[in-house]
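Asks: Structure incoming, see below.
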Amino acid sequence: MEKLYEGKAKVLYPEGEEALRVYFKDEATAYNAQKRGLIPGKGVVNNKVSAALFRHLEAHGVRTHFLKELSDREMLVWRVEIIPLEVILRYRVAGSFAKRYGLPEGQALKTPLLEFSLKNDALGDPLICENAALALGIVDEETLSRVKDLTLRTGDLLRGFFAARGLELVDFKLEFGRKGGQVLLADELSPDTMRLWDVQTGERMDKDRFRRDLPGVEAAYQEVLRRVLEG
Ligand code: TMP
């Protein structure tokens, strides 16, 4: 079957007019694809974790592009028009936020912090403020407000879901798409797109292990899957 699009971690295949088949790869990239590698089994973990989280969100009223799991590495999703923004919600200082402000990682933020990046690999996904996103017509006021509400609601639901599994959701990235008049949560929800710290040990259980050349990358992904599935 002909590919519609191949990204860094996923391949998209058309499934009729209205749907797509998403294939999750084991390839991993970091720092805007300057670092490349393989995390064996990652595609299976990310497909299954994403499916479980999309189901959880749907069960709590967040509309997503998820339709069903097709295989260990594939899911069926609605075809949406992706809004070219990466929506990041942070609960603690970490990653690029720590670097930007010269802070050590770990400090809890007084309030959850919502940030936007423009989805543009050539520019390295630069941070964009709400006014610029409005001025450029990337979103209108109503869509922006919807995206923000959905992100905060998703954050609350995911924080609770992971807390019950001994993991703290430190930050995450979402992408949204338009289908008809609706805004749907799209892309994936996985250890590639969120920071998860073990509540007991503080161990990083996400892609930071790969980014920072820490040992046990595969094992961390498998452990996240185990906890997500076993509840
Ligand atoms: P950051 O601290 O590197 O900006 O990342 C914030 C969150 O967004 C973190 O959970 C990882 C996720 N993320 C992605 O999913 N894709 C990306 O390209 C980047 C830079 C971050």
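Simple scheme: letters A, B, ... for chains in structure tokens order, numbers from 1 for residues in each chain, numbers from 1 for ligands in the order shown.
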Show me, as a ChimeraX atom specification, the residues that have an atom within 8 Å of Arg227 in chain A when counting only C-alpha atoms, minus same-chain residues fewer than 4 positions from it.

Replies: /A:165,223,231

Asks: For the selection just defined, write its residues with N, CA and C atoms to a file, as a tab-separated table (two decimals), in the first residue's frame.

Replies:
chain	number	residue	atom	x	y	z
A	165	ARG	N	-0.47	4.83	38.47
A	165	ARG	CA	0.48	3.81	38.01
A	165	ARG	C	1.90	4.12	38.45
A	223	GLU	N	8.40	-0.94	30.54
A	223	GLU	CA	7.82	-0.77	31.88
A	223	GLU	C	6.62	0.19	31.84
A	231	GLY	N	-2.61	-1.33	34.75
A	231	GLY	CA	-3.33	-0.42	35.65
A	231	GLY	C	-2.77	-0.48	37.04

Asks: Which neighbours of Val228 in chain A fall inside 8 Å, counting only C-alpha atoms, when residues of the same chain fewer than 2 positions from it are skipped, and could you give them as an MDAnalysis selection string?

Replies: chainID A and resid 49 52 162 165 224:226 230:231

Asks: Neighbouring residues of range 79-94 of chain A were defined as those with any atom within 7 Å, considering only C-alpha atoms; residues of the same chain fewer than 3 positions away were excluded. Please report them as a list in words.

Replies: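 Once the nearby chain positions are removed, what remains is Glu18, Ala19, Leu20, Phe97, Ala98, Glu105, Gly106, Gln107, Ala108, Leu109, Pro112, Leu113, Leu114, Glu115, Phe116, Ser117, Leu118, Lys119, Val170, Asp171, Phe172, Lys173, Leu174, Glu175, Phe176, Gly177, Arg178 and Lys179 of chain A.
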
Asks: Run DSSP on the backbone and tell me which residues of range 3-231 of chain A come out as alpha helix (DSSP H); list them as a ChimeraX atom specification.

Replies: /A:42-59,95-101,130-135,141-163,208-211,217-230

Asks: Report the residues of range 30-104 of chain A whose backbone DSSP state falls under strand (DSSP E or B), written as a list in words.

Replies: Ala30, Lys35, Arg36, Gly37, Leu38, Thr64, Phe66, Leu67, Lys68, Glu69, Leu70, Ser71, Glu74, Met75, Leu76, Val77, Trp78, Glu81, Ile82, Leu85, Glu86, Val87, Ile88, Leu89, Arg90, Tyr91 and Arg92 of chain A

Asks: Restricting the output to N, CA, C and O atoms, write the selected residues as a tab-separated table (two decimals), in the first residue's frame.

Replies:
chain	number	residue	atom	x	y	z
A	30	ALA	N	16.17	12.80	18.06
A	30	ALA	CA	16.12	13.83	19.10
A	30	ALA	C	16.88	15.06	18.61
A	30	ALA	O	17.66	14.96	17.66
A	35	LYS	N	20.25	13.76	16.41
A	35	LYS	CA	20.58	12.45	16.99
A	35	LYS	C	19.57	11.44	16.48
A	35	LYS	O	18.36	11.69	16.54
A	36	ARG	N	20.08	10.32	15.97
A	36	ARG	CA	19.21	9.28	15.42
A	36	ARG	C	19.59	7.93	16.02
A	36	ARG	O	20.75	7.70	16.32
A	37	GLY	N	18.59	7.06	16.15
A	37	GLY	CA	18.89	5.72	16.67
A	37	GLY	C	17.68	4.83	16.57
A	37	GLY	O	16.68	5.18	15.93
A	38	LEU	N	17.79	3.67	17.21
A	38	LEU	CA	16.72	2.68	17.19
A	38	LEU	C	16.42	2.30	18.63
A	38	LEU	O	17.35	2.10	19.41
A	64	THR	N	-10.89	12.52	20.17
A	64	THR	CA	-9.57	12.28	19.58
A	64	THR	C	-9.73	11.70	18.17
A	64	THR	O	-10.83	11.32	17.78
A	66	PHE	N	-8.54	8.87	17.34
A	66	PHE	CA	-8.39	7.42	17.44
A	66	PHE	C	-9.68	6.67	17.07
A	66	PHE	O	-10.75	7.01	17.54
A	67	LEU	N	-9.54	5.65	16.24
A	67	LEU	CA	-10.68	4.80	15.89
A	67	LEU	C	-10.51	3.40	16.46
A	67	LEU	O	-11.35	2.93	17.20
A	68	LYS	N	-9.41	2.72	16.11
A	68	LYS	CA	-9.17	1.40	16.71
A	68	LYS	C	-7.74	0.94	16.48
A	68	LYS	O	-7.05	1.42	15.59
A	69	GLU	N	-7.34	-0.04	17.30
A	69	GLU	CA	-6.04	-0.68	17.10
A	69	GLU	C	-6.19	-1.71	16.00
A	69	GLU	O	-7.16	-2.46	15.98
A	70	LEU	N	-5.22	-1.75	15.08
A	70	LEU	CA	-5.29	-2.70	13.97
A	70	LEU	C	-4.32	-3.87	14.17
A	70	LEU	O	-4.56	-4.97	13.70
A	71	SER	N	-3.19	-3.59	14.80
A	71	SER	CA	-2.18	-4.62	15.05
A	71	SER	C	-1.26	-4.08	16.14
A	71	SER	O	-1.48	-2.99	16.65
A	74	GLU	N	0.04	-0.82	14.65
A	74	GLU	CA	-0.79	0.01	13.78
A	74	GLU	C	-2.13	0.36	14.42
A	74	GLU	O	-2.76	-0.48	15.07
A	75	MET	N	-2.54	1.61	14.18
A	75	MET	CA	-3.88	2.01	14.59
A	75	MET	C	-4.58	2.73	13.43
A	75	MET	O	-3.94	3.25	12.53
A	76	LEU	N	-5.91	2.71	13.50
A	76	LEU	CA	-6.73	3.43	12.52
A	76	LEU	C	-7.18	4.73	13.17
A	76	LEU	O	-7.65	4.73	14.31
A	77	VAL	N	-7.03	5.84	12.44
A	77	VAL	CA	-7.42	7.15	12.97
A	77	VAL	C	-8.21	7.91	11.91
A	77	VAL	O	-8.12	7.62	10.72
A	78	TRP	N	-8.97	8.91	12.36
A	78	TRP	CA	-9.62	9.81	11.41
A	78	TRP	C	-8.55	10.62	10.68
A	78	TRP	O	-7.55	11.01	11.27
A	81	GLU	N	-7.06	17.57	9.41
A	81	GLU	CA	-6.13	18.59	8.90
A	81	GLU	C	-5.36	19.09	10.12
A	81	GLU	O	-5.93	19.73	11.02
A	82	ILE	N	-4.07	18.73	10.18
A	82	ILE	CA	-3.27	19.04	11.38
A	82	ILE	C	-3.06	20.55	11.52
A	82	ILE	O	-2.70	21.22	10.56
A	85	LEU	N	0.76	23.45	15.11
A	85	LEU	CA	1.26	23.90	16.41
A	85	LEU	C	1.55	22.69	17.26
A	85	LEU	O	0.78	21.72	17.26
A	86	GLU	N	2.66	22.73	18.01
A	86	GLU	CA	2.91	21.74	19.05
A	86	GLU	C	2.49	22.42	20.34
A	86	GLU	O	2.97	23.51	20.67
A	87	VAL	N	1.57	21.79	21.04
A	87	VAL	CA	1.04	22.38	22.27
A	87	VAL	C	1.69	21.65	23.44
A	87	VAL	O	1.53	20.43	23.57
A	88	ILE	N	2.43	22.38	24.24
A	88	ILE	CA	3.18	21.76	25.34
A	88	ILE	C	2.60	22.22	26.67
A	88	ILE	O	2.34	23.42	26.86
A	89	LEU	N	2.37	21.27	27.55
A	89	LEU	CA	1.91	21.62	28.90
A	89	LEU	C	2.96	21.10	29.88
A	89	LEU	O	3.36	19.92	29.82
A	90	ARG	N	3.41	21.99	30.78
A	90	ARG	CA	4.46	21.65	31.73
A	90	ARG	C	3.97	21.80	33.17
A	90	ARG	O	3.29	22.79	33.48
A	91	TYR	N	4.37	20.84	34.01
A	91	TYR	CA	4.06	20.89	35.44
A	91	TYR	C	5.32	21.14	36.28
A	91	TYR	O	5.23	21.58	37.40
A	92	ARG	N	6.46	20.76	35.73
A	92	ARG	CA	7.76	20.98	36.40
A	92	ARG	C	8.75	21.54	35.39
A	92	ARG	O	8.60	21.35	34.19

Asks: Name the residues in contact with Asn131 in chain A at a cut-off of 10 Å, using only C-alpha atoms, excluding same-chain residues fewer than 6 positions from it; report them as JSON, numbers by chain.

Replies: {"A": [137, 139, 141]}

Asks: Any chance you can output those residues with N, CA, C and O atoms as a CSV table (one decimal), in the first residue's frame?

Replies:
chain,number,residue,atom,x,y,z
A,137,GLY,N,-2.9,33.7,11.4
A,137,GLY,CA,-4.1,33.0,11.0
A,137,GLY,C,-3.9,31.5,11.1
A,137,GLY,O,-4.6,30.7,10.5
A,139,VAL,N,-4.5,29.8,13.8
A,139,VAL,CA,-5.8,29.5,14.6
A,139,VAL,C,-6.6,30.8,14.7
A,139,VAL,O,-6.0,31.9,14.7
A,141,GLU,N,-9.5,32.8,17.3
A,141,GLU,CA,-9.7,32.9,18.8
A,141,GLU,C,-10.5,31.6,19.3
A,141,GLU,O,-10.1,31.1,20.3

Asks: Can you tell me which residues surround Leu169 in chain A at a distance of at most 6 Å, considering only C-alpha atoms, apart from same-chain residues fewer than 6 positions away, and format the answer as a list in words?

Replies: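 Using only C-alpha atoms, the neighbours found are Arg159, Arg195 and Leu196 of chain A.
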
Asks: Go through A:Glu168, A:Asp140, A:Asp125, A:Asp156 and flag the residue nearest ligand 1, using only C-alpha atoms and all ligand atoms for the distances.

Replies: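 Looking only at the distances to ligand 1, the closest residue turns out to be A:Asp125.
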
Asks: Tell me which of A:Asp213, A:Glu17, A:Glu27, A:Glu58 sits closest to Thr154 in chain A, counting only C-alpha atoms.

Replies: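 Result for the nearest residue to Thr154 in chain A: A:Glu58.
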